[in-house]
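For reference, coords36.pdb is printed below; it contains PDB, C-alpha atoms and all ligand atoms.
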ATOM      1  CA  MET A 255      -5.516 -24.932  11.572
ATOM      2  CA  ASN A 256      -2.266 -23.912  13.240
ATOM      3  CA  LEU A 257      -0.696 -21.169  11.180
ATOM      4  CA  VAL A 258       2.461 -19.090  11.420
ATOM      5  CA  PHE A 259       2.873 -15.790   9.567
ATOM      6  CA  ASN A 260       5.389 -13.012   9.577
ATOM      7  CA  ILE A 261       3.338  -9.836   9.965
ATOM      8  CA  ASN A 262       5.084  -6.468   9.873
ATOM      9  CA  GLY A 263       8.359  -8.027  10.879
ATOM     10  CA  ALA A 264       7.099 -10.206  13.756
ATOM     11  CA  ALA A 265       6.191 -13.888  13.756
ATOM     12  CA  HIS A 266       2.607 -14.712  14.787
ATOM     13  CA  SER A 267       1.204 -18.157  15.551
ATOM     14  CA  LEU A 268      -2.574 -18.472  15.354
ATOM     15  CA  THR A 269      -5.154 -21.238  15.433
ATOM     16  CA  LEU A 270      -7.866 -20.370  12.914
ATOM     17  CA  GLU A 271     -10.718 -22.004  11.048
ATOM     18  CA  PRO A 272      -9.796 -22.675   7.414
ATOM     19  CA  ARG A 273     -12.511 -20.304   6.166
ATOM     20  CA  VAL A 274     -11.136 -17.209   7.964
ATOM     21  CA  THR A 275      -9.904 -14.489   5.612
ATOM     22  CA  LEU A 276      -6.619 -12.668   5.959
ATOM     23  CA  LEU A 277      -8.613  -9.451   6.434
ATOM     24  CA  ASP A 278     -10.540 -10.810   9.416
ATOM     25  CA  THR A 279      -7.362 -12.341  10.801
ATOM     26  CA  LEU A 280      -5.635  -8.967  10.770
ATOM     27  CA  ARG A 281      -8.567  -6.997  12.140
ATOM     28  CA  GLU A 282     -10.309  -9.433  14.483
ATOM     29  CA  HIS A 283      -7.496 -11.673  15.683
ATOM     30  CA  LEU A 284      -4.480  -9.361  15.670
ATOM     31  CA  GLY A 285      -6.064  -5.952  16.263
ATOM     32  CA  LEU A 286      -4.479  -4.523  13.101
ATOM     33  CA  THR A 287      -7.469  -2.389  12.128
ATOM     34  CA  GLY A 288      -5.534  -0.146   9.744
ATOM     35  CA  THR A 289      -6.523  -2.519   6.953
ATOM     36  CA  LYS A 290     -10.099  -1.585   6.091
ATOM     37  CA  LYS A 291     -13.130  -3.670   5.193
ATOM     38  CA  GLY A 292     -15.033  -1.819   2.486
ATOM     39  CA  CYS A 293     -17.052  -4.193   0.325
ATOM     40  CA  ASP A 294     -15.707  -7.571   1.571
ATOM     41  CA  HIS A 295     -16.256  -8.722  -2.024
ATOM     42  CA  GLY A 296     -13.037  -7.867  -3.849
ATOM     43  CA  GLN A 297     -14.457  -4.753  -5.453
ATOM     44  CA  CYS A 298     -13.037  -1.720  -3.634
ATOM     45  CA  GLY A 299      -9.376  -2.353  -2.768
ATOM     46  CA  SER A 300      -9.558  -0.881   0.729
ATOM     47  CA  CYS A 301      -8.342  -4.184   2.220
ATOM     48  CA  THR A 302      -5.152  -4.306   0.110
ATOM     49  CA  VAL A 303      -2.036  -5.586   1.909
ATOM     50  CA  ILE A 304       1.322  -6.835   0.653
ATOM     51  CA  VAL A 305       2.046 -10.583   0.829
ATOM     52  CA  ASP A 306       5.554 -11.667  -0.123
ATOM     53  CA  GLY A 307       5.993  -8.406  -2.010
ATOM     54  CA  ARG A 308       2.768  -8.586  -4.020
ATOM     55  CA  ARG A 309      -0.447  -6.685  -3.399
ATOM     56  CA  VAL A 310      -3.439  -8.835  -2.531
ATOM     57  CA  LEU A 311      -7.039  -8.221  -1.551
ATOM     58  CA  SER A 312      -7.083  -9.553   1.982
ATOM     59  CA  CYS A 313     -10.892  -9.991   1.909
ATOM     60  CA  LEU A 314     -10.473 -12.568  -0.878
ATOM     61  CA  THR A 315      -7.436 -14.280   0.628
ATOM     62  CA  PHE A 316      -7.797 -17.133   3.085
ATOM     63  CA  ALA A 317      -5.391 -16.773   5.983
ATOM     64  CA  ALA A 318      -4.487 -20.431   5.524
ATOM     65  CA  THR A 319      -2.885 -19.607   2.163
ATOM     66  CA  CYS A 320      -0.473 -17.237   3.908
ATOM     67  CA  GLN A 321       1.156 -19.913   6.049
ATOM     68  CA  GLY A 322       4.863 -19.093   6.288
ATOM     69  CA  LYS A 323       4.498 -15.918   4.228
ATOM     70  CA  THR A 324       5.438 -12.322   4.956
ATOM     71  CA  VAL A 325       2.531  -9.901   5.286
ATOM     72  CA  THR A 326       2.946  -6.130   5.379
ATOM     73  CA  THR A 327       0.040  -3.899   6.377
ATOM     74  CA  ILE A 328      -0.206  -0.146   6.678
ATOM     75  CA  GLU A 329       0.952  -0.435  10.306
ATOM     76  CA  GLY A 330       4.220  -1.982   9.151
ATOM     77  CA  LEU A 331       5.387   0.709   6.755
ATOM     78  CA  ALA A 332       6.765   3.420   9.035
ATOM     79  CA  ARG A 333       9.806   3.147  11.301
ATOM     80  CA  GLY A 334       8.800   5.110  14.361
ATOM     81  CA  ASN A 335       8.366   8.687  13.154
ATOM     82  CA  ASP A 336       9.990   7.924   9.808
ATOM     83  CA  LEU A 337       7.143   7.402   7.413
ATOM     84  CA  HIS A 338       7.500   5.328   4.293
ATOM     85  CA  SER A 339       8.047   7.717   1.406
ATOM     86  CA  MET A 340       4.611   6.805   0.001
ATOM     87  CA  GLN A 341       2.922   7.736   3.284
ATOM     88  CA  ALA A 342       4.787  11.048   3.372
ATOM     89  CA  ALA A 343       3.835  11.791  -0.231
ATOM     90  CA  PHE A 344       0.149  11.116   0.491
ATOM     91  CA  ILE A 345       0.295  13.670   3.319
ATOM     92  CA  LYS A 346       2.136  16.209   1.208
ATOM     93  CA  HIS A 347      -0.286  15.914  -1.711
ATOM     94  CA  ASP A 348      -3.475  15.575   0.375
ATOM     95  CA  GLY A 349      -4.060  12.158  -1.164
ATOM     96  CA  PHE A 350      -7.130  11.490   0.976
ATOM     97  CA  GLN A 351     -10.214  13.020   2.470
ATOM     98  CA  CYS A 352     -12.004  10.611   4.846
ATOM     99  CA  GLY A 353      -8.984   8.291   4.734
ATOM    100  CA  TYR A 354     -10.960   5.041   4.582
ATOM    101  CA  CYS A 355      -9.432   3.886   1.318
ATOM    102  CA  THR A 356      -5.967   5.244   2.157
ATOM    103  CA  PRO A 357      -4.272   2.196   3.771
ATOM    104  CA  GLY A 358      -5.236   0.122   0.745
ATOM    105  CA  GLN A 359      -4.209   2.852  -1.684
ATOM    106  CA  ILE A 360      -0.772   3.181  -0.083
ATOM    107  CA  CYS A 361      -0.062  -0.574   0.119
ATOM    108  CA  SER A 362      -1.292  -1.005  -3.440
ATOM    109  CA  ALA A 363       0.829   1.897  -4.719
ATOM    110  CA  ILE A 364       4.022   0.569  -3.128
ATOM    111  CA  ALA A 365       3.592  -2.891  -4.646
ATOM    112  CA  MET A 366       2.399  -1.421  -7.955
ATOM    113  CA  LEU A 367       5.620   0.554  -8.396
ATOM    114  CA  ASP A 368       7.587  -2.649  -7.822
ATOM    115  CA  GLU A 369       5.479  -4.388 -10.491
ATOM    116  CA  ALA A 370       6.301  -1.600 -12.929
ATOM    117  CA  LYS A 371       9.998  -1.752 -12.023
ATOM    118  CA  ASN A 372       9.952  -5.484 -12.736
ATOM    119  CA  GLY A 373       8.531  -4.874 -16.203
ATOM    120  CA  GLU A 374       5.072  -6.336 -15.548
ATOM    121  CA  ALA A 375       2.600  -5.266 -18.203
ATOM    122  CA  SER A 376      -0.648  -3.451 -17.509
ATOM    123  CA  TYR A 377      -3.811  -3.179 -19.586
ATOM    124  CA  VAL A 378      -2.443  -0.062 -21.288
ATOM    125  CA  THR A 379       1.105  -1.271 -21.924
ATOM    126  CA  GLN A 380       1.731  -0.503 -25.580
ATOM    127  CA  ASP A 381       3.678  -3.642 -26.462
ATOM    128  CA  VAL A 382       3.288  -6.584 -24.073
ATOM    129  CA  ARG A 383       6.059  -8.497 -25.889
ATOM    130  CA  GLN A 384       8.494  -6.002 -24.380
ATOM    131  CA  THR A 385       9.109  -6.067 -20.652
ATOM    132  CA  PRO A 386      11.179  -2.945 -20.089
ATOM    133  CA  ARG A 387      12.274  -2.445 -16.516
ATOM    134  CA  SER A 388      12.033   0.823 -14.646
ATOM    135  CA  VAL A 389       9.671   2.386 -17.167
ATOM    136  CA  GLN A 390       8.452   5.887 -16.510
ATOM    137  CA  LEU A 391       4.745   5.607 -15.827
ATOM    138  CA  SER A 392       2.440   8.313 -17.120
ATOM    139  CA  ASP A 393      -0.336   9.620 -14.895
ATOM    140  CA  ASP A 394      -2.800   7.675 -17.046
ATOM    141  CA  GLU A 395      -0.896   4.446 -16.567
ATOM    142  CA  ILE A 396      -0.735   4.986 -12.802
ATOM    143  CA  ARG A 397      -4.520   5.503 -12.857
ATOM    144  CA  GLU A 398      -4.987   2.277 -14.794
ATOM    145  CA  ARG A 399      -2.675   0.268 -12.561
ATOM    146  CA  MET A 400      -4.420   1.650  -9.451
ATOM    147  CA  SER A 401      -7.918   1.139 -10.849
ATOM    148  CA  GLY A 402      -8.646  -1.632  -8.345
ATOM    149  CA  ASN A 403      -8.510   0.878  -5.505
ATOM    150  CA  ILE A 404     -11.674   2.939  -5.339
ATOM    151  CA  CYS A 405     -11.892   6.263  -3.481
ATOM    152  CA  ARG A 406     -15.428   7.374  -2.701
ATOM    153  CA  CYS A 407     -14.115  10.855  -1.812
ATOM    154  CA  GLY A 408     -12.610  11.243  -5.279
ATOM    155  CA  ALA A 409      -9.076  12.105  -4.147
ATOM    156  CA  TYR A 410      -7.708  10.558  -7.333
ATOM    157  CA  PRO A 411      -5.740  13.549  -8.724
ATOM    158  CA  ASN A 412      -3.854  13.920  -5.448
ATOM    159  CA  ILE A 413      -3.320  10.168  -5.101
ATOM    160  CA  VAL A 414      -1.767  10.076  -8.566
ATOM    161  CA  ALA A 415       0.413  13.096  -7.740
ATOM    162  CA  ALA A 416       1.666  11.379  -4.578
ATOM    163  CA  ILE A 417       2.468   8.147  -6.406
ATOM    164  CA  GLN A 418       4.125  10.042  -9.231
ATOM    165  CA  GLU A 419       6.373  11.829  -6.738
ATOM    166  CA  VAL A 420       7.580   8.553  -5.240
ATOM    167  CA  HIS A 421       7.859   6.978  -8.692
ATOM    168  CA  THR A 422      10.112   9.753  -9.956
ATOM    169  CA  GLU A 423      12.084   9.632  -6.678
ATOM    170  CA  ARG A 424      12.036  13.381  -6.291
ATOM    171  CA  ALA A 425      13.607  14.495  -3.024
ATOM    172  CA  GLN A 426      11.054  15.169  -0.306
ATOM    173  CA  THR A 427      12.440  18.061   1.670
ATOM    174  CA  TRP A 428       9.280  19.535   3.106
ATOM    175  CA  GLN A 429       7.970  20.105   6.616
ATOM    176  CA  PHE A 430       4.732  21.016   8.342
ATOM    177  CA  MET A 431       5.241  23.902  10.749
ATOM    178  CA  GLY A 432       3.191  24.348  13.921
ATOM    179  CA  GLU A 433       2.897  27.304  16.242
ATOM    180  CA  ASN A 434       6.066  29.362  16.813
ATOM    181  CA  ASN A 435       7.524  27.837  13.657
ATOM    182  CA  GLN A 436       8.088  24.500  15.335
ATOM    183  CA  VAL A 437       8.439  21.576  12.966
ATOM    184  CA  ILE A 438       5.574  19.186  13.726
ATOM    185  CA  PHE A 439       6.197  16.822  10.835
ATOM    186  CA  GLU A 440       9.156  16.251   8.574
ATOM    187  CA  ALA A 441       9.201  13.982   5.520
ATOM    188  CA  ALA A 442      11.573  11.044   5.637
ATOM    189  CA  LYS A 443      14.911  11.934   4.047
ATOM    190  CA  ALA A 444      15.176   8.604   2.305
ATOM    191  CA  PRO A 445      12.584   6.044   1.298
ATOM    192  CA  VAL A 446      11.835   3.601   4.115
ATOM    193  CA  LYS A 447      11.890  -0.010   2.967
ATOM    194  CA  ILE A 448       9.119  -2.370   3.954
ATOM    195  CA  HIS A 449       9.824  -5.270   6.287
ATOM    196  CA  GLU A 450      11.871  -8.175   5.080
ATOM    197  CA  ALA A 451      11.151 -11.694   6.256
ATOM    198  CA  VAL A 452      12.552 -12.535   9.682
TER     199      VAL A 452
HETATM  200 FE1  LIG A 501     -11.615  -6.202  -0.004
HETATM  201 FE2  LIG A 501     -13.346  -4.305  -0.756
HETATM  202  S1  LIG A 501     -12.921  -5.036   1.251
HETATM  203  S2  LIG A 501     -11.893  -5.393  -1.976
HETATM  204 FE1  LIG A 502     -12.352   8.794   1.463
HETATM  205 FE2  LIG A 502     -10.712   7.669  -0.331
HETATM  206  S1  LIG A 502     -10.281   9.301   1.027
HETATM  207  S2  LIG A 502     -12.615   6.966   0.339
END

Written as structure tokens, how would this file's structure read?
Ligand code: FES
Ligand code: FES
Amino acid sequence: MNLVFNINGAAHSLTLEPRVTLLDTLREHLGLTGTKKGCDHGQCGSCTVIVDGRRVLSCLTFAATCQGKTVTTIEGLARGNDLHSMQAAFIKHDGFQCGYCTPGQICSAIAMLDEAKNGEASYVTQDVRQTPRSVQLSDDEIRERMSGNICRCGAYPNIVAAIQEVHTERAQTWQFMGENNQVIFEAAKAPVKIHEAV
């Protein structure tokens, strides 16, 4: 099949078999290996990417279903040295150990906060007849909404802290200092938006 996608802000034309997954397309055909293959069975969340603003498991998504759609992977979140605010928060809060689950955690968290902003209910929403927008998520609700993303290193408390920081839109005014007090990393001053369709 001849397919055209917008991936991280650039159009890509590919000829693929209909059975090829989005995950294998990203990793094997486009060299975007930031998206990780954990279980390849829809059970771990490490392959999570954002398609047209919604988080999907790329191991369970046929590339053919993404024809004409906008795909954002972990490689598409930063602008040069300006990290997306979720990436910066994960660094600040040590939201990872081995890092294998991290690309999926970050993509999932970004789309999850949009779901919450849009009033989408979760399993622990108290009253699903109400769809309040911009609700303040508790740590427990963040855990529930992120329950599809497994971390074998158990970095969950720090992952939740990072997501909570972005969710509450607290200013990130921190830096990592190197030798001689040189700034080697500075958090983005303002949240970086993910790519729009081109
Ligand atoms: Fe897709 Fe595990 S690799 S859910
Ligand atoms: Fe190792 Fe999550 S940081 S699996």

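Among A:Pro272, A:Gly292, A:Gly263, A:Gly432, the residue with the shortest atom-to-atom distance to A:Thr327, counting only C-alpha atoms, is A:Gly263.
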
If you take every atom of ligand LIG 501 (chain A) that the file lists and fit an axis-aligned box around them with 5 Å extra on each side, what centre and edge lengths come out in Å to one decimal, as AutoDock Vina command-line options?
--center_x -12.5 --center_y -5.3 --center_z -0.4 --size_x 11.7 --size_y 11.9 --size_z 13.2

Report the closest atom pair, with its distance in Å rounded to one decimal, for each residue of chain A that has an atom no farther than 8 Å from ligand LIG 501 (chain A); count only C-alpha atoms and all ligand atoms, sort by chain and then rising residue number, and write it as JSON lines.
{"residue": "A:Leu277", "atom": "CA", "partner": "A:LIG501", "partner_atom": "FE1", "distance": 7.8}
{"residue": "A:Lys290", "atom": "CA", "partner": "A:LIG501", "partner_atom": "S1", "distance": 6.6}
{"residue": "A:Lys291", "atom": "CA", "partner": "A:LIG501", "partner_atom": "S1", "distance": 4.2}
{"residue": "A:Gly292", "atom": "CA", "partner": "A:LIG501", "partner_atom": "S1", "distance": 4.0}
{"residue": "A:Cys293", "atom": "CA", "partner": "A:LIG501", "partner_atom": "FE2", "distance": 3.9}
{"residue": "A:Asp294", "atom": "CA", "partner": "A:LIG501", "partner_atom": "S1", "distance": 3.8}
{"residue": "A:His295", "atom": "CA", "partner": "A:LIG501", "partner_atom": "FE2", "distance": 5.4}
{"residue": "A:Gly296", "atom": "CA", "partner": "A:LIG501", "partner_atom": "S2", "distance": 3.3}
{"residue": "A:Gln297", "atom": "CA", "partner": "A:LIG501", "partner_atom": "S2", "distance": 4.4}
{"residue": "A:Cys298", "atom": "CA", "partner": "A:LIG501", "partner_atom": "FE2", "distance": 3.9}
{"residue": "A:Gly299", "atom": "CA", "partner": "A:LIG501", "partner_atom": "S2", "distance": 4.0}
{"residue": "A:Ser300", "atom": "CA", "partner": "A:LIG501", "partner_atom": "FE2", "distance": 5.3}
{"residue": "A:Cys301", "atom": "CA", "partner": "A:LIG501", "partner_atom": "FE1", "distance": 4.4}
{"residue": "A:Thr302", "atom": "CA", "partner": "A:LIG501", "partner_atom": "FE1", "distance": 6.7}
{"residue": "A:Leu311", "atom": "CA", "partner": "A:LIG501", "partner_atom": "FE1", "distance": 5.2}
{"residue": "A:Ser312", "atom": "CA", "partner": "A:LIG501", "partner_atom": "FE1", "distance": 6.0}
{"residue": "A:Cys313", "atom": "CA", "partner": "A:LIG501", "partner_atom": "FE1", "distance": 4.3}
{"residue": "A:Leu314", "atom": "CA", "partner": "A:LIG501", "partner_atom": "FE1", "distance": 6.5}
{"residue": "A:Asn403", "atom": "CA", "partner": "A:LIG501", "partner_atom": "S2", "distance": 8.0}

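The space separating atom CA of A:Ser392 from atom CA of A:Tyr410 comes to 14.3 Å.
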
Residues matched by the PyMOL selection byres (((chain A and resi 324) around 9) and not hetatm) as number ranges by chain
A: 259-263, 265, 304-307, 320-323, 325-326, 449-452

As an exercise, work out the distance from atom CA of A:Tyr354 to atom S2 of ligand LIG 502 (chain A) in Å and give it to one decimal place.
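Spanning atom CA of A:Tyr354 to atom S2 of ligand LIG 502 (chain A) is a straight-line distance of 4.9 Å.
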
Taking all atoms listed in the file into account, report as a list of chain:residue names which residues have an atom no farther than 8 Å from an atom of ligand LIG 502 (chain A).
A:Gly349, A:Phe350, A:Gln351, A:Cys352, A:Gly353, A:Tyr354, A:Cys355, A:Thr356, A:Ile404, A:Cys405, A:Arg406, A:Cys407, A:Gly408, A:Ala409
